[in-house]
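The data block below is input30.txt; it holds compact mmCIF, C-alpha atoms and all ligand atoms.
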# COMPACT_ATOMS: atom_id res chain seq x y z
CA MET A 1138 167.11 110.60 131.28
CA ASN A 1139 163.46 110.14 130.46
CA LYS A 1140 163.10 107.03 128.28
CA LEU A 1141 159.77 108.25 126.85
CA THR A 1142 161.51 111.00 124.88
CA SER A 1143 163.73 108.60 122.96
CA PRO A 1144 163.70 109.93 119.36
CA LYS A 1145 163.25 106.61 117.63
CA PRO A 1146 161.72 103.91 119.81
CA ALA A 1147 162.69 100.34 119.04
CA GLY A 1148 160.37 98.87 116.42
CA ALA A 1149 159.18 102.32 115.24
CA ARG A 1150 157.25 102.30 111.96
CA SER A 1151 158.88 103.84 108.92
CA VAL A 1152 157.21 106.87 107.33
CA ASP A 1153 156.06 104.66 104.43
CA GLU A 1154 154.40 102.33 106.93
CA ILE A 1155 152.73 105.28 108.64
CA THR A 1156 151.42 106.93 105.46
CA GLY A 1157 150.69 103.73 103.57
CA SER A 1158 153.22 104.96 101.00
CA ARG A 1159 151.13 108.02 100.28
CA ARG A 1160 153.30 111.09 99.85
CA LEU A 1161 151.22 114.26 99.65
CA ARG A 1162 154.32 116.35 99.16
CA ARG A 1163 155.02 114.63 95.81
CA MET A 1164 152.92 117.08 93.80
CA ARG A 1165 154.21 120.09 95.75
CA LYS A 1166 157.83 119.53 94.78
CA ALA A 1167 158.04 121.55 91.57
CA ASP A 1168 156.47 124.72 90.35
CA TRP A 1169 155.03 122.97 87.28
CA SER A 1170 153.24 120.32 89.32
CA ARG A 1171 151.96 122.85 91.84
CA ARG A 1172 150.49 124.83 88.96
CA LEU A 1173 149.02 121.68 87.47
CA VAL A 1174 147.06 120.75 90.59
CA GLN A 1175 146.06 124.28 91.65
CA GLU A 1176 142.34 124.11 92.44
CA ASN A 1177 141.35 127.78 92.47
CA HIS A 1178 142.45 130.81 90.51
CA LEU A 1179 142.02 134.53 90.87
CA THR A 1180 141.42 136.43 87.66
CA VAL A 1181 140.56 140.00 86.80
CA ASP A 1182 137.02 138.79 86.02
CA ASP A 1183 136.51 138.22 89.74
CA LEU A 1184 136.97 141.85 90.70
CA ILE A 1185 134.52 144.58 91.60
CA TRP A 1186 136.08 147.89 92.56
CA PRO A 1187 134.34 150.06 95.18
CA ILE A 1188 135.11 153.75 94.68
CA PHE A 1189 134.25 156.83 96.74
CA ILE A 1190 132.72 159.87 95.07
CA VAL A 1191 132.75 163.45 96.31
CA ASP A 1192 131.38 166.67 94.85
CA GLY A 1193 133.58 169.14 93.02
CA LYS A 1194 136.02 169.09 90.13
CA ASP A 1195 139.48 167.60 89.86
CA ARG A 1196 139.25 166.58 93.49
CA ARG A 1197 141.22 163.62 94.78
CA GLU A 1198 141.19 163.41 98.57
CA PRO A 1199 143.11 160.67 100.34
CA VAL A 1200 141.19 158.62 102.90
CA PRO A 1201 143.66 158.57 105.80
CA ALA A 1202 142.59 155.20 107.21
CA MET A 1203 142.78 153.59 103.75
CA PRO A 1204 146.23 154.23 102.25
CA GLY A 1205 145.98 154.30 98.46
CA VAL A 1206 142.24 155.00 98.45
CA PHE A 1207 140.79 158.38 97.46
CA ARG A 1208 137.52 160.22 97.34
CA LEU A 1209 137.13 161.31 93.74
CA SER A 1210 135.11 164.01 92.07
CA ILE A 1211 132.96 162.68 89.25
CA ASP A 1212 135.34 163.82 86.48
CA LEU A 1213 138.17 161.85 88.08
CA ALA A 1214 135.91 158.90 88.88
CA VAL A 1215 135.16 158.69 85.15
CA LYS A 1216 138.91 158.55 84.47
CA GLU A 1217 139.32 155.81 87.06
CA ALA A 1218 136.42 153.87 85.56
CA GLU A 1219 138.15 154.12 82.19
CA ARG A 1220 141.35 152.79 83.76
CA ALA A 1221 139.41 149.97 85.42
CA ALA A 1222 137.84 149.01 82.09
CA ARG A 1223 141.27 149.02 80.43
CA LEU A 1224 142.51 146.69 83.16
CA GLY A 1225 139.57 144.38 82.44
CA ILE A 1226 137.76 144.92 85.76
CA PRO A 1227 134.12 144.00 85.02
CA ALA A 1228 132.36 146.35 87.42
CA ILE A 1229 132.68 149.21 89.86
CA ALA A 1230 130.57 150.02 92.92
CA THR A 1231 130.14 153.67 93.83
CA PHE A 1232 129.75 155.13 97.33
CA PRO A 1233 129.20 158.85 97.88
CA ASN A 1234 130.53 161.24 100.46
CA VAL A 1235 127.53 163.56 100.54
CA GLU A 1236 127.81 167.25 101.41
CA MET A 1237 126.85 167.59 105.11
CA SER A 1238 124.25 170.28 104.36
CA LEU A 1239 122.38 167.78 102.18
CA ARG A 1240 122.04 165.13 104.89
CA ASP A 1241 118.89 165.00 107.00
CA GLU A 1242 116.89 162.79 109.37
CA THR A 1243 115.28 160.76 106.58
CA GLY A 1244 118.05 160.81 103.98
CA SER A 1245 115.70 162.59 101.60
CA HIS A 1246 118.48 163.62 99.21
CA ILE A 1247 118.69 160.01 98.01
CA LEU A 1248 115.45 160.80 96.14
CA ASP A 1249 117.04 163.61 94.14
CA PRO A 1250 117.54 162.26 90.59
CA GLN A 1251 120.51 164.63 90.34
CA ASN A 1252 122.25 163.57 93.53
CA ILE A 1253 125.93 162.79 93.39
CA ILE A 1254 125.51 159.03 93.04
CA ASN A 1255 123.10 159.36 90.12
CA ARG A 1256 125.22 162.00 88.39
CA ALA A 1257 128.24 159.72 88.78
CA SER A 1258 126.37 156.79 87.23
CA SER A 1259 125.23 158.86 84.24
CA ALA A 1260 128.71 160.26 83.65
CA ILE A 1261 130.43 156.88 83.96
CA LYS A 1262 127.82 155.14 81.81
CA ALA A 1263 128.23 157.76 79.09
CA ALA A 1264 132.03 157.60 79.06
CA VAL A 1265 132.61 153.90 79.80
CA PRO A 1266 129.50 151.99 78.70
CA GLU A 1267 131.33 148.66 78.85
CA ILE A 1268 131.84 148.67 82.62
CA GLY A 1269 129.15 147.44 85.00
CA ILE A 1270 127.89 149.96 87.56
CA ILE A 1271 126.71 148.81 90.96
CA THR A 1272 124.98 151.23 93.31
CA ASP A 1273 123.95 150.89 96.93
CA ALA A 1274 120.42 152.01 97.71
CA ALA A 1275 121.05 152.41 101.45
CA LEU A 1276 120.40 155.70 103.19
CA ASP A 1277 123.49 155.98 105.39
CA PRO A 1278 125.47 158.41 103.20
CA PHE A 1279 122.38 160.67 103.15
CA THR A 1280 121.20 160.65 106.76
CA SER A 1281 122.33 163.10 109.44
CA HIS A 1282 122.66 160.18 111.90
CA GLY A 1283 124.59 157.74 109.70
CA HIS A 1284 122.01 154.97 109.90
CA ASP A 1285 120.85 153.02 106.85
CA GLY A 1286 117.21 153.74 107.54
CA ILE A 1287 114.75 156.34 108.67
CA LEU A 1288 115.15 156.94 112.39
CA ARG A 1289 112.05 157.70 114.47
CA ASP A 1290 112.09 157.85 118.26
CA GLY A 1291 115.32 155.88 118.31
CA ILE A 1292 113.98 153.15 116.03
CA ILE A 1293 114.94 152.41 112.43
CA VAL A 1294 111.50 152.08 110.87
CA ASN A 1295 111.45 149.22 108.40
CA ASP A 1296 108.56 149.73 106.01
CA GLU A 1297 108.99 153.44 105.47
CA THR A 1298 112.68 152.87 104.81
CA VAL A 1299 111.83 150.18 102.26
CA GLU A 1300 109.63 152.67 100.40
CA GLN A 1301 112.42 155.21 100.27
CA VAL A 1302 115.14 152.71 99.32
CA THR A 1303 112.87 151.35 96.58
CA ALA A 1304 112.23 154.78 95.08
CA ALA A 1305 115.97 155.48 95.24
CA ALA A 1306 116.71 152.19 93.45
CA VAL A 1307 114.44 153.15 90.53
CA LEU A 1308 116.19 156.54 90.23
CA GLN A 1309 119.57 154.79 90.30
CA ALA A 1310 118.48 152.44 87.53
CA ALA A 1311 117.25 155.40 85.50
CA ALA A 1312 120.64 157.09 85.94
CA GLY A 1313 122.46 154.10 84.50
CA SER A 1314 123.11 151.68 87.35
CA ASN A 1315 123.16 148.05 86.16
CA ILE A 1316 123.00 146.36 89.51
CA ILE A 1317 121.18 147.62 92.59
CA ALA A 1318 122.94 146.40 95.71
CA PRO A 1319 120.84 147.40 98.70
CA SER A 1320 122.92 147.15 101.86
CA ASP A 1321 120.38 148.38 104.39
CA MET A 1322 119.14 144.96 105.61
CA MET A 1323 115.50 146.07 105.92
CA ASP A 1324 112.97 143.24 105.66
CA GLY A 1325 111.21 143.04 102.31
CA ARG A 1326 113.53 145.40 100.44
CA ILE A 1327 114.52 142.93 97.71
CA GLY A 1328 110.95 142.09 96.68
CA ALA A 1329 109.89 145.73 96.80
CA ILE A 1330 112.85 146.82 94.68
CA ARG A 1331 112.26 144.01 92.16
CA ASP A 1332 108.59 144.99 91.77
CA ALA A 1333 109.42 148.67 91.37
CA LEU A 1334 112.22 148.08 88.86
CA ASP A 1335 109.95 145.85 86.77
CA ALA A 1336 107.06 148.29 86.96
CA ASN A 1337 109.34 151.04 85.64
CA GLY A 1338 110.76 149.10 82.73
CA PHE A 1339 114.02 148.07 84.38
CA GLN A 1340 113.59 144.31 84.07
CA ASP A 1341 117.25 143.99 83.07
CA VAL A 1342 118.62 145.75 86.11
CA ALA A 1343 119.85 143.09 88.51
CA ILE A 1344 119.82 142.93 92.29
CA MET A 1345 122.85 141.91 94.28
CA SER A 1346 121.61 141.43 97.78
CA TYR A 1347 123.87 142.28 100.67
CA ALA A 1348 122.06 139.26 102.02
CA THR A 1349 124.29 138.61 104.93
CA LYS A 1350 125.63 141.83 106.25
CA PHE A 1351 126.98 141.48 109.73
CA ALA A 1352 127.16 144.06 112.47
CA SER A 1353 130.92 144.45 112.29
CA ALA A 1354 133.84 146.48 113.56
CA PHE A 1355 135.54 146.17 110.18
CA TYR A 1356 133.55 149.01 108.57
CA GLY A 1357 135.42 151.73 110.49
CA PRO A 1358 137.59 153.17 107.68
CA TYR A 1359 134.63 153.20 105.25
CA ARG A 1360 132.72 155.39 107.67
CA GLU A 1361 135.62 157.82 107.61
CA ALA A 1362 135.59 157.72 103.80
CA ILE A 1363 131.90 158.62 103.46
CA GLY A 1364 131.83 160.85 106.52
CA THR A 1365 129.43 158.91 108.74
CA GLN A 1366 131.97 158.14 111.44
CA GLY A 1367 131.29 161.12 113.63
CA LEU A 1368 127.55 161.02 112.97
CA LEU A 1369 126.55 157.48 113.81
CA GLN A 1370 124.44 157.27 116.94
CA GLY A 1371 124.53 153.86 118.60
CA ASP A 1372 125.17 150.83 116.44
CA LYS A 1373 123.45 148.88 113.66
CA LYS A 1374 122.60 145.75 115.62
CA THR A 1375 118.84 146.12 115.15
CA TYR A 1376 119.19 145.57 111.42
CA TYR A 1377 122.54 143.94 110.58
CA ILE A 1378 123.07 140.26 111.47
CA ASP A 1379 124.69 139.30 114.77
CA HIS A 1380 128.17 138.10 113.90
CA ALA A 1381 127.66 135.10 116.18
CA ASN A 1382 125.04 133.67 113.81
CA SER A 1383 125.31 131.44 110.79
CA ASP A 1384 121.90 129.73 110.44
CA GLU A 1385 120.31 133.17 110.45
CA ALA A 1386 122.55 134.18 107.55
CA VAL A 1387 121.27 131.20 105.56
CA ARG A 1388 117.65 132.18 106.34
CA GLU A 1389 118.31 135.76 105.27
CA ALA A 1390 119.87 134.62 101.99
CA GLU A 1391 117.00 132.21 101.33
CA GLN A 1392 114.50 135.01 101.90
CA ASP A 1393 116.31 137.43 99.59
CA LEU A 1394 116.50 134.82 96.82
CA ALA A 1395 112.79 134.07 97.21
CA GLU A 1396 112.10 137.80 96.85
CA GLY A 1397 114.09 137.97 93.61
CA ALA A 1398 117.77 138.59 94.35
CA ASP A 1399 119.99 137.58 91.42
CA MET A 1400 123.16 137.38 93.48
CA LEU A 1401 124.18 137.14 97.08
CA MET A 1402 126.88 139.01 98.91
CA VAL A 1403 128.55 138.28 102.23
CA LYS A 1404 130.00 141.21 104.13
CA PRO A 1405 132.59 141.52 105.65
CA GLY A 1406 134.63 138.87 103.85
CA LEU A 1407 137.61 137.25 105.49
CA PRO A 1408 136.10 136.64 108.95
CA TYR A 1409 133.02 135.14 107.24
CA LEU A 1410 134.45 132.56 104.82
CA ASP A 1411 132.35 129.90 106.57
CA ILE A 1412 129.19 131.80 105.62
CA ILE A 1413 130.30 132.06 101.99
CA ARG A 1414 130.86 128.32 101.84
CA ARG A 1415 127.49 127.57 103.46
CA LEU A 1416 125.60 129.85 101.07
CA LYS A 1417 127.35 128.48 97.99
CA ASP A 1418 126.69 124.87 99.05
CA GLU A 1419 123.08 125.63 99.94
CA PHE A 1420 121.96 127.79 96.99
CA GLN A 1421 124.45 127.51 94.07
CA VAL A 1422 123.78 131.10 93.00
CA PRO A 1423 126.34 133.78 92.10
CA THR A 1424 127.96 134.60 95.42
CA PHE A 1425 130.19 137.54 96.24
CA ALA A 1426 132.20 138.76 99.18
CA TYR A 1427 132.88 142.33 100.16
CA GLN A 1428 136.42 142.56 101.45
CA VAL A 1429 135.59 145.63 103.49
CA SER A 1430 137.58 148.70 104.42
CA GLY A 1431 138.94 147.34 107.71
CA GLU A 1432 140.24 144.24 106.00
CA TYR A 1433 141.98 146.39 103.39
CA SER A 1434 143.43 148.71 106.02
CA MET A 1435 144.79 145.88 108.15
CA ILE A 1436 146.77 144.47 105.24
CA LYS A 1437 147.99 147.93 104.22
CA ALA A 1438 148.98 148.89 107.76
CA ALA A 1439 150.83 145.66 108.50
CA SER A 1440 152.56 145.91 105.17
CA ALA A 1441 153.56 149.55 105.73
CA ASN A 1442 155.15 148.48 109.00
CA GLY A 1443 157.08 145.72 107.28
CA TRP A 1444 155.23 143.08 109.30
CA ILE A 1445 153.83 141.20 106.33
CA ASP A 1446 154.42 141.12 102.61
CA GLY A 1447 151.47 143.26 101.54
CA GLU A 1448 151.25 142.01 97.97
CA LYS A 1449 151.35 138.36 98.96
CA ALA A 1450 148.83 138.87 101.76
CA MET A 1451 146.51 140.71 99.38
CA LEU A 1452 146.63 137.93 96.79
CA GLU A 1453 146.26 135.19 99.42
CA SER A 1454 143.24 136.88 100.98
CA LEU A 1455 141.55 137.26 97.59
CA LEU A 1456 142.21 133.69 96.51
CA SER A 1457 140.76 132.48 99.80
CA PHE A 1458 137.41 133.96 98.74
CA LYS A 1459 137.50 131.88 95.57
CA ARG A 1460 138.35 128.77 97.60
CA ALA A 1461 135.42 129.49 99.92
CA GLY A 1462 133.07 129.53 96.94
CA CYS A 1463 132.90 133.13 95.74
CA ASP A 1464 132.29 134.04 92.13
CA GLY A 1465 133.71 137.48 92.70
CA ILE A 1466 134.99 139.93 95.30
CA LEU A 1467 134.35 143.59 95.99
CA THR A 1468 137.78 144.84 96.96
CA TYR A 1469 139.61 148.15 97.25
CA PHE A 1470 142.64 146.26 95.96
CA ALA A 1471 140.96 145.74 92.57
CA PRO A 1472 143.13 147.98 90.34
CA GLU A 1473 146.33 146.96 92.14
CA VAL A 1474 145.50 143.26 91.73
CA ALA A 1475 144.35 143.69 88.14
CA GLN A 1476 147.69 145.31 87.34
CA ILE A 1477 149.58 142.42 88.92
CA LEU A 1478 147.43 139.79 87.19
CA LYS A 1479 148.08 141.53 83.89
CA GLY A 1480 151.79 140.94 84.55
C1 LIG B 1 126.27 150.87 104.85
C2 LIG B 1 127.55 150.43 104.28
C3 LIG B 1 128.64 149.94 105.00
C4 LIG B 1 129.66 149.68 104.10
C5 LIG B 1 129.18 149.97 102.82
N1 LIG B 1 127.87 150.44 102.94
C6 LIG B 1 128.73 149.61 106.45
C7 LIG B 1 128.45 150.64 107.43
O1 LIG B 1 128.88 151.79 107.34
O2 LIG B 1 127.78 150.27 108.40
C8 LIG B 1 131.01 149.19 104.49
C9 LIG B 1 132.03 149.04 103.43
C10 LIG B 1 133.42 148.94 103.93
O3 LIG B 1 133.69 148.90 105.15
O4 LIG B 1 134.30 148.87 103.08
N2 LIG B 1 125.17 150.84 104.03

Write out the structure in this file as structure tokens.
Amino acid sequence: MNKLTSPKPAGARSVDEITGSRRLRRMRKADWSRRLVQENHLTVDDLIWPIFIVDGKDRREPVPAMPGVFRLSIDLAVKEAERAARLGIPAIATFPNVEMSLRDETGSHILDPQNIINRASSAIKAAVPEIGIITDAALDPFTSHGHDGILRDGIIVNDETVEQVTAAAVLQAAAGSNIIAPSDMMDGRIGAIRDALDANGFQDVAIMSYATKFASAFYGPYREAIGTQGLLQGDKKTYYIDHANSDEAVREAEQDLAEGADMLMVKPGLPYLDIIRRLKDEFQVPTFAYQVSGEYSMIKAASANGWIDGEKAMLESLLSFKRAGCDGILTYFAPEVAQILKG
């Protein structure tokens, strides 16, 4: 027998001697004391609900890769916005699935004041004025190649894209959007959008910068939802941040704040909790995470297979964003969570 594996060696210290009589389990013993020392809480005020919009009437198309998520025609999106407001969800973020015939090389349809995203904002604002509306000024739902910018000779041209995104942002504000959230990652977009909003009388429209948007595999189901999956040529590495980098994310956030961003967003969420914590520590500004489509789908798929408890995993993942320093989370789980939090 090997003497080294003896369970209690002679002269072994007691647990009290080892811990110095500190017992960290003491406060974990009862539900009341666990509640008393809980450091972070998830509330309905933390939720932003991303919804997909499609043309037509009374249309509710399931997104196969995102069980429980639908593309909604504007009339139904209004109903869902009403439901969200009743649940106490502060804001929604709209993303369009644009008719293929309206997509082109430069995403020009984003400049139509009557495009689907602007019509959705007007309709929602009219019916549910108390809910915040967040719109993305990126071109990807409007381009025939699925990129967020204007593509010329295989290159996403920065400055021309900024001009287009800026003009689109002003139209979105005019249609009723309260927060412009440009996700295209072009240099200079935040400052240009701020200037243009101010020049057009939209001083009160805020900017939530997708400051640190990483080139990520977790966007897959979203691309199915807005119909860019089959279109996208190449990848987005020339404009999204390399997911190996963290200092660069801080520099990007610093730049966007200097240009006038009111809020920062980190995207995706769960694999980037370290970035959230760094940004919150560094800047102390309102900080959000986008729990993206792939994160949602993973939890739903594992849950559907009986491999995890979907509800618990959902709540744990959302609370982890609060722990990391988030003020709020964009999540497809929003109505489900709001319902649970309501009890
Ligand atoms: C692009 C955009 C993306 C998402 C929202 N807007 C990423 C992409 O398609 O590259 C992803 C959202 C999600 O995955 O839930 N402007």

Close residues, Glu1396 in chain A itself excluded, 10 Å, all atoms listed in the file, min 4 positions apart in chain, as a ChimeraX atom specification: /A:1325-1332,1390-1392

Neighbours of ligand LIG 1 (chain B) at 9 Å or closer, counting only C-alpha atoms and all ligand atoms: which residues, as an mmCIF file with C-alpha atoms, in the frame of the given file?
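The new file part_20.cif reads:
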data_model
loop_
_atom_site.group_PDB
_atom_site.id
_atom_site.type_symbol
_atom_site.label_atom_id
_atom_site.label_comp_id
_atom_site.auth_asym_id
_atom_site.auth_seq_id
_atom_site.Cartn_x
_atom_site.Cartn_y
_atom_site.Cartn_z
ATOM 1 C CA PRO A 1187 134.340 150.060 95.180
ATOM 2 C CA PHE A 1232 129.750 155.130 97.330
ATOM 3 C CA ASP A 1273 123.950 150.890 96.930
ATOM 4 C CA ALA A 1274 120.420 152.010 97.710
ATOM 5 C CA ALA A 1275 121.050 152.410 101.450
ATOM 6 C CA LEU A 1276 120.400 155.700 103.190
ATOM 7 C CA ASP A 1277 123.490 155.980 105.390
ATOM 8 C CA PRO A 1278 125.470 158.410 103.200
ATOM 9 C CA GLY A 1283 124.590 157.740 109.700
ATOM 10 C CA HIS A 1284 122.010 154.970 109.900
ATOM 11 C CA ASP A 1285 120.850 153.020 106.850
ATOM 12 C CA PRO A 1319 120.840 147.400 98.700
ATOM 13 C CA SER A 1320 122.920 147.150 101.860
ATOM 14 C CA ASP A 1321 120.380 148.380 104.390
ATOM 15 C CA MET A 1322 119.140 144.960 105.610
ATOM 16 C CA LYS A 1350 125.630 141.830 106.250
ATOM 17 C CA PHE A 1351 126.980 141.480 109.730
ATOM 18 C CA ALA A 1352 127.160 144.060 112.470
ATOM 19 C CA SER A 1353 130.920 144.450 112.290
ATOM 20 C CA ALA A 1354 133.840 146.480 113.560
ATOM 21 C CA PHE A 1355 135.540 146.170 110.180
ATOM 22 C CA TYR A 1356 133.550 149.010 108.570
ATOM 23 C CA GLY A 1357 135.420 151.730 110.490
ATOM 24 C CA PRO A 1358 137.590 153.170 107.680
ATOM 25 C CA TYR A 1359 134.630 153.200 105.250
ATOM 26 C CA ARG A 1360 132.720 155.390 107.670
ATOM 27 C CA ALA A 1362 135.590 157.720 103.800
ATOM 28 C CA ILE A 1363 131.900 158.620 103.460
ATOM 29 C CA THR A 1365 129.430 158.910 108.740
ATOM 30 C CA GLN A 1366 131.970 158.140 111.440
ATOM 31 C CA LEU A 1369 126.550 157.480 113.810
ATOM 32 C CA ASP A 1372 125.170 150.830 116.440
ATOM 33 C CA LYS A 1373 123.450 148.880 113.660
ATOM 34 C CA TYR A 1377 122.540 143.940 110.580
ATOM 35 C CA LYS A 1404 130.000 141.210 104.130
ATOM 36 C CA PRO A 1405 132.590 141.520 105.650
ATOM 37 C CA TYR A 1427 132.880 142.330 100.160
ATOM 38 C CA GLN A 1428 136.420 142.560 101.450
ATOM 39 C CA VAL A 1429 135.590 145.630 103.490
ATOM 40 C CA SER A 1430 137.580 148.700 104.420
ATOM 41 C CA GLY A 1431 138.940 147.340 107.710
ATOM 42 C CA GLU A 1432 140.240 144.240 106.000
ATOM 43 C CA TYR A 1433 141.980 146.390 103.390
ATOM 44 C CA LEU A 1467 134.350 143.590 95.990
ATOM 45 C CA THR A 1468 137.780 144.840 96.960
ATOM 46 C CA TYR A 1469 139.610 148.150 97.250
#

Radius query 10 Å about (139.3, 144.5, 86.1), atoms used: only C-alpha atoms, as a list in words: Thr1180, Val1181, Asp1182, Asp1183, Leu1184, Ile1185, Trp1186, Ala1218, Arg1220, Ala1221, Ala1222, Arg1223, Leu1224, Gly1225, Ile1226, Pro1227, Ala1228, Ile1229, Ile1268, Ala1471, Pro1472, Glu1473, Val1474, Ala1475, Gln1476, Leu1478 and Lys1479 of chain A

Nearest to Asp1296 in chain A, chosen from A:Asp1241, A:Gln1175, A:Met1323, A:Glu1389, with only C-alpha atoms counted in the distances: A:Met1323

Point (148.3, 150.9, 98.2), cut-off 12 Å, counting all atoms listed in the file, residues as an MDAnalysis selection string: chainID A and resid 1199:1207 1433:1441 1447:1448 1451 1469:1474

Save out the residues we just selected, C-alpha atoms, as a compact mmCIF listing (two decimals), in the frame of the given file.
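Okay, this is what ended up in part.txt:
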# COMPACT_ATOMS: atom_id res chain seq x y z
CA PRO A 1199 143.11 160.67 100.34
CA VAL A 1200 141.19 158.62 102.90
CA PRO A 1201 143.66 158.57 105.80
CA ALA A 1202 142.59 155.20 107.21
CA MET A 1203 142.78 153.59 103.75
CA PRO A 1204 146.23 154.23 102.25
CA GLY A 1205 145.98 154.30 98.46
CA VAL A 1206 142.24 155.00 98.45
CA PHE A 1207 140.79 158.38 97.46
CA TYR A 1433 141.98 146.39 103.39
CA SER A 1434 143.43 148.71 106.02
CA MET A 1435 144.79 145.88 108.15
CA ILE A 1436 146.77 144.47 105.24
CA LYS A 1437 147.99 147.93 104.22
CA ALA A 1438 148.98 148.89 107.76
CA ALA A 1439 150.83 145.66 108.50
CA SER A 1440 152.56 145.91 105.17
CA ALA A 1441 153.56 149.55 105.73
CA GLY A 1447 151.47 143.26 101.54
CA GLU A 1448 151.25 142.01 97.97
CA MET A 1451 146.51 140.71 99.38
CA TYR A 1469 139.61 148.15 97.25
CA PHE A 1470 142.64 146.26 95.96
CA ALA A 1471 140.96 145.74 92.57
CA PRO A 1472 143.13 147.98 90.34
CA GLU A 1473 146.33 146.96 92.14
CA VAL A 1474 145.50 143.26 91.73

Hey, could you patch up range 1153-1158 of chain A with all heavy atoms and hand it over as a PDB file, keeping the file's coordinate frame?
ATOM      1  N   ASP A1153     156.893 105.352 105.431  1.00  0.00           N
ATOM      2  CA  ASP A1153     156.060 104.660 104.430  1.00  0.00           C
ATOM      3  C   ASP A1153     155.011 103.782 105.103  1.00  0.00           C
ATOM      4  O   ASP A1153     153.871 103.698 104.630  1.00  0.00           O
ATOM      5  CB  ASP A1153     156.929 103.812 103.490  1.00  0.00           C
ATOM      6  CG  ASP A1153     157.488 104.655 102.352  1.00  0.00           C
ATOM      7  OD1 ASP A1153     156.822 105.660 102.009  1.00  0.00           O
ATOM      8  OD2 ASP A1153     158.563 104.324 101.830  1.00  0.00           O
ATOM      9  N   GLU A1154     155.388 103.148 106.211  1.00  0.00           N
ATOM     10  CA  GLU A1154     154.400 102.330 106.930  1.00  0.00           C
ATOM     11  C   GLU A1154     153.302 103.213 107.529  1.00  0.00           C
ATOM     12  O   GLU A1154     152.133 102.867 107.511  1.00  0.00           O
ATOM     13  CB  GLU A1154     155.103 101.509 108.026  1.00  0.00           C
ATOM     14  CG  GLU A1154     155.801 100.279 107.483  1.00  0.00           C
ATOM     15  CD  GLU A1154     156.814  99.685 108.478  1.00  0.00           C
ATOM     16  OE1 GLU A1154     157.181 100.371 109.459  1.00  0.00           O
ATOM     17  OE2 GLU A1154     157.224  98.555 108.262  1.00  0.00           O
ATOM     18  N   ILE A1155     153.717 104.364 108.038  1.00  0.00           N
ATOM     19  CA  ILE A1155     152.730 105.280 108.640  1.00  0.00           C
ATOM     20  C   ILE A1155     151.767 105.835 107.596  1.00  0.00           C
ATOM     21  O   ILE A1155     150.561 105.861 107.797  1.00  0.00           O
ATOM     22  CB  ILE A1155     153.474 106.455 109.365  1.00  0.00           C
ATOM     23  CG1 ILE A1155     154.161 105.933 110.624  1.00  0.00           C
ATOM     24  CG2 ILE A1155     152.489 107.573 109.728  1.00  0.00           C
ATOM     25  CD1 ILE A1155     155.135 106.919 111.248  1.00  0.00           C
ATOM     26  N   THR A1156     152.290 106.263 106.459  1.00  0.00           N
ATOM     27  CA  THR A1156     151.420 106.930 105.460  1.00  0.00           C
ATOM     28  C   THR A1156     150.803 105.939 104.484  1.00  0.00           C
ATOM     29  O   THR A1156     150.001 106.341 103.628  1.00  0.00           O
ATOM     30  CB  THR A1156     152.208 107.969 104.627  1.00  0.00           C
ATOM     31  OG1 THR A1156     153.163 107.266 103.833  1.00  0.00           O
ATOM     32  CG2 THR A1156     152.892 108.997 105.493  1.00  0.00           C
ATOM     33  N   GLY A1157     151.173 104.690 104.573  1.00  0.00           N
ATOM     34  CA  GLY A1157     150.690 103.730 103.570  1.00  0.00           C
ATOM     35  C   GLY A1157     151.276 104.076 102.211  1.00  0.00           C
ATOM     36  O   GLY A1157     150.587 103.965 101.194  1.00  0.00           O
ATOM     37  N   SER A1158     152.495 104.560 102.223  1.00  0.00           N
ATOM     38  CA  SER A1158     153.220 104.960 101.000  1.00  0.00           C
ATOM     39  C   SER A1158     152.622 106.158 100.293  1.00  0.00           C
ATOM     40  O   SER A1158     152.999 106.482  99.180  1.00  0.00           O
ATOM     41  CB  SER A1158     153.330 103.793  99.998  1.00  0.00           C
ATOM     42  OG  SER A1158     154.250 102.875 100.484  1.00  0.00           O
TER      43      SER A1158
END
